[in-house]
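Here the structure comes first, spelled out in structure tokens, and everything after it is commentary.
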Amino acid sequence: MGVLEGKTAIILGASAAGGSGWAIAERFAREGARLIVGARSTGPLEELARRTGGIAQACDVADEAQVRAFVKRAVDEYGQLDIAVNAAGLPAGGTIAHAPLEDARAAMEVNYFGCLHFIRHSAAAMTSGGSIILFSSLAAAQPMEFVYAYGCAKAATDSLVRYAAIEYGPKGIKVNSILPGPIRSDMASALWKVEGMEDVYAREIPLRRIGEPEDYAEAALWLAGPSFVSGLNLHVSGGNQLTRMPTLAERPDMVGPDPTNAA
């Protein structure tokens, strides 16, 4: 019997085949969980639902009404909600001096307010305790060049996790976040196609490799299971939080004008 046998889980941000949300859904299904998988578009989700025996539903995490409906679908279909994972995110580049303010607002809407919607409605549906897991980023704890809006939004989410752990703990609900470092994902696929790029990043990781989606699926399974853990911002980065990220100047794709000086 799997460790999640009889549990109902919702996983948002699972539309990329082979991505973290996708890997978490497959891992949870192998452990016996009943799934509702979501993303802004349902195209690839239908295949994931077929592979995991789950249900696919479109959901934009920045739209509170859609998040409420996504959570309600789990309760309507299975009578309960035990585990909620939000792996959805919006990358946002640029500098404080030059990036449009609208980019920072968009990053907050998805990466912070989306998590707020997700916690609020998931916790309300968890009548017998549960586990809420959010995806943050190493950028939340370790400032990196050219990603201030994304990093600040994720840092706000990590603070939200700690507040939510206190508020919902008496109801038996755990709230935690996972902070990935460099990861082999659909969002970063173009990065790793650049010759020498993986080596540049792996040199700064004590375990000497970038993360795989399965690494995050295992971390999510631990948090979703019987672990006595709440309010944790869990680094899953091979130890990269102890070192640093490569600078833009060290990256093999950074040739020509300095992007941080762009108007």
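Residues in the structure tokens are named by chain (A, B, ... in the order shown) and by number from 1 within that chain; ligands are numbered from 1 in the order shown.
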Give me the range 11-92 of chain A side of the contact with range 186-203 of chain A, cut-off 9 Å, one line per residue showing its nearest atom pair and distance in Å at one decimal, counting only C-alpha atoms, sorted by chain and residue number, as a Markdown table.
```
| residue | atom | partner | partner_atom | distance |
| --- | --- | --- | --- | --- |
| A:Ala16 | CA | A:Asp186 | CA | 6.3 |
| A:Ala17 | CA | A:Asp186 | CA | 7.9 |
| A:Gly18 | CA | A:Asp186 | CA | 7.6 |
| A:Gly19 | CA | A:Asp186 | CA | 6.1 |
| A:Pro91 | CA | A:Met187 | CA | 8.5 |
```
List every residue of range 73-235 of chain A that DSSP, applied to the backbone, labels as helix (DSSP H, G or I), and write the result as a tab-separated table (two decimals) with C-alpha atoms, in the first residue's frame.
```tsv
chain	number	residue	atom	x	y	z
A	73	ARG	CA	-13.82	19.94	-7.81
A	74	ALA	CA	-11.68	17.73	-5.58
A	75	VAL	CA	-14.26	17.78	-2.79
A	76	ASP	CA	-17.14	17.21	-5.22
A	77	GLU	CA	-15.42	14.26	-6.90
A	78	TYR	CA	-13.80	12.57	-3.91
A	101	LEU	CA	6.46	47.99	-12.96
A	102	GLU	CA	3.78	45.86	-14.64
A	103	ASP	CA	6.26	42.94	-14.66
A	104	ALA	CA	6.62	43.14	-10.88
A	105	ARG	CA	2.86	43.30	-10.45
A	106	ALA	CA	2.38	40.26	-12.70
A	107	ALA	CA	5.03	38.34	-10.75
A	108	MET	CA	3.24	39.14	-7.49
A	109	GLU	CA	-0.18	38.20	-8.87
A	110	VAL	CA	0.95	34.69	-9.80
A	111	ASN	CA	3.83	33.93	-7.44
A	112	TYR	CA	2.43	35.51	-4.27
A	113	PHE	CA	-1.28	36.26	-4.52
A	114	GLY	CA	-1.82	33.00	-6.38
A	115	CYS	CA	-0.31	31.16	-3.41
A	116	LEU	CA	-2.48	33.18	-1.04
A	117	HIS	CA	-5.62	32.11	-2.95
A	118	PHE	CA	-4.35	28.54	-3.02
A	119	ILE	CA	-3.67	28.34	0.72
A	120	ARG	CA	-6.92	30.02	1.72
A	121	HIS	CA	-9.24	27.81	-0.32
A	122	SER	CA	-7.29	24.56	0.12
A	123	ALA	CA	-7.17	24.97	3.90
A	124	ALA	CA	-10.89	25.73	4.02
A	125	ALA	CA	-11.58	22.42	2.29
A	138	LEU	CA	16.34	29.63	-4.41
A	139	ALA	CA	16.00	33.21	-5.70
A	140	ALA	CA	13.79	33.93	-2.68
A	148	TYR	CA	14.44	40.78	-8.66
A	149	ALA	CA	10.66	40.72	-9.26
A	150	TYR	CA	10.48	36.92	-9.28
A	151	GLY	CA	12.78	36.58	-6.26
A	152	CYS	CA	10.91	39.17	-4.20
A	153	ALA	CA	7.53	37.58	-4.97
A	154	LYS	CA	8.84	34.16	-3.96
A	155	ALA	CA	10.35	35.59	-0.77
A	156	ALA	CA	6.93	36.97	0.13
A	157	THR	CA	5.49	33.51	-0.45
A	158	ASP	CA	8.03	31.93	1.90
A	159	SER	CA	7.00	34.39	4.60
A	160	LEU	CA	3.34	33.58	3.90
A	161	VAL	CA	4.13	29.90	4.45
A	162	ARG	CA	5.36	30.60	7.97
A	163	TYR	CA	2.32	32.70	8.84
A	164	ALA	CA	-0.03	30.06	7.39
A	165	ALA	CA	1.70	27.28	9.33
A	166	ILE	CA	0.88	29.09	12.57
A	167	GLU	CA	-2.69	29.94	11.57
A	168	TYR	CA	-3.68	26.51	10.25
A	169	GLY	CA	-1.54	24.30	12.47
A	170	PRO	CA	-4.25	23.92	15.14
A	171	LYS	CA	-6.47	22.43	12.41
A	189	SER	CA	14.92	23.97	-21.26
A	190	ALA	CA	16.43	26.63	-23.55
A	191	LEU	CA	19.04	27.44	-20.89
A	192	TRP	CA	20.41	23.92	-20.70
A	197	MET	CA	25.71	26.00	-19.32
A	198	GLU	CA	25.08	22.98	-17.09
A	199	ASP	CA	28.76	22.88	-16.12
A	200	VAL	CA	28.73	26.55	-15.11
A	201	TYR	CA	25.77	26.01	-12.78
A	202	ALA	CA	26.84	22.58	-11.50
A	213	PRO	CA	11.88	16.86	-11.56
A	214	GLU	CA	12.00	13.58	-9.65
A	215	ASP	CA	14.08	15.25	-6.92
A	216	TYR	CA	11.21	17.62	-6.23
A	217	ALA	CA	8.62	14.86	-6.45
A	218	GLU	CA	10.43	13.01	-3.66
A	219	ALA	CA	10.59	16.15	-1.53
A	220	ALA	CA	6.88	16.81	-2.08
A	221	LEU	CA	6.04	13.22	-1.16
A	222	TRP	CA	7.93	13.57	2.13
A	223	LEU	CA	6.11	16.78	2.99
A	224	ALA	CA	2.75	15.34	1.95
```
* To do: Have a look at CA of Ile210 in chain A and CA of Ala23 in chain A and let me know their distance in Å, one decimal.
  => 16.0 Å
* To do: May I have all residues of range 10-145 of chain A that DSSP, computed from the backbone, assigns to strand (DSSP E or B), given as a PyMOL selection string?
  => chain A and resi 10-12+34-39+55-58+83-86+94+127+129-135
* Which residue out of A:Gly211, A:Ala62, A:Leu234, A:Arg40 has the minimum interatomic distance to Leu134 in chain A when only C-alpha atoms are used? -> A:Leu234
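Taking CA of Leu207 in chain A as the reference point, CA of Gly239 in chain A is found at 6.8 Å.
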* Please provide the set of residues having any atom within 9 Å of Leu48 in chain A, restricted to only C-alpha atoms, with same-chain residues fewer than 3 positions apart removed, written as a list in words. => Ala14, Ser15, Ala17, Trp22, Ala25, Glu26, Val37, Pro44, Leu45, Arg51, Thr52, Gly53, Gly54, Ile55 and Ala56 of chain A
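One distance worth recording is that between CA of Thr8 in chain A and CA of Gly172 in chain A, which is 15.8 Å.
Among A:Val229, A:Ile36, A:Leu248, A:Val147, the residue with the shortest atom-to-atom distance to Arg50 in chain A, counting only C-alpha atoms, is A:Ile36.
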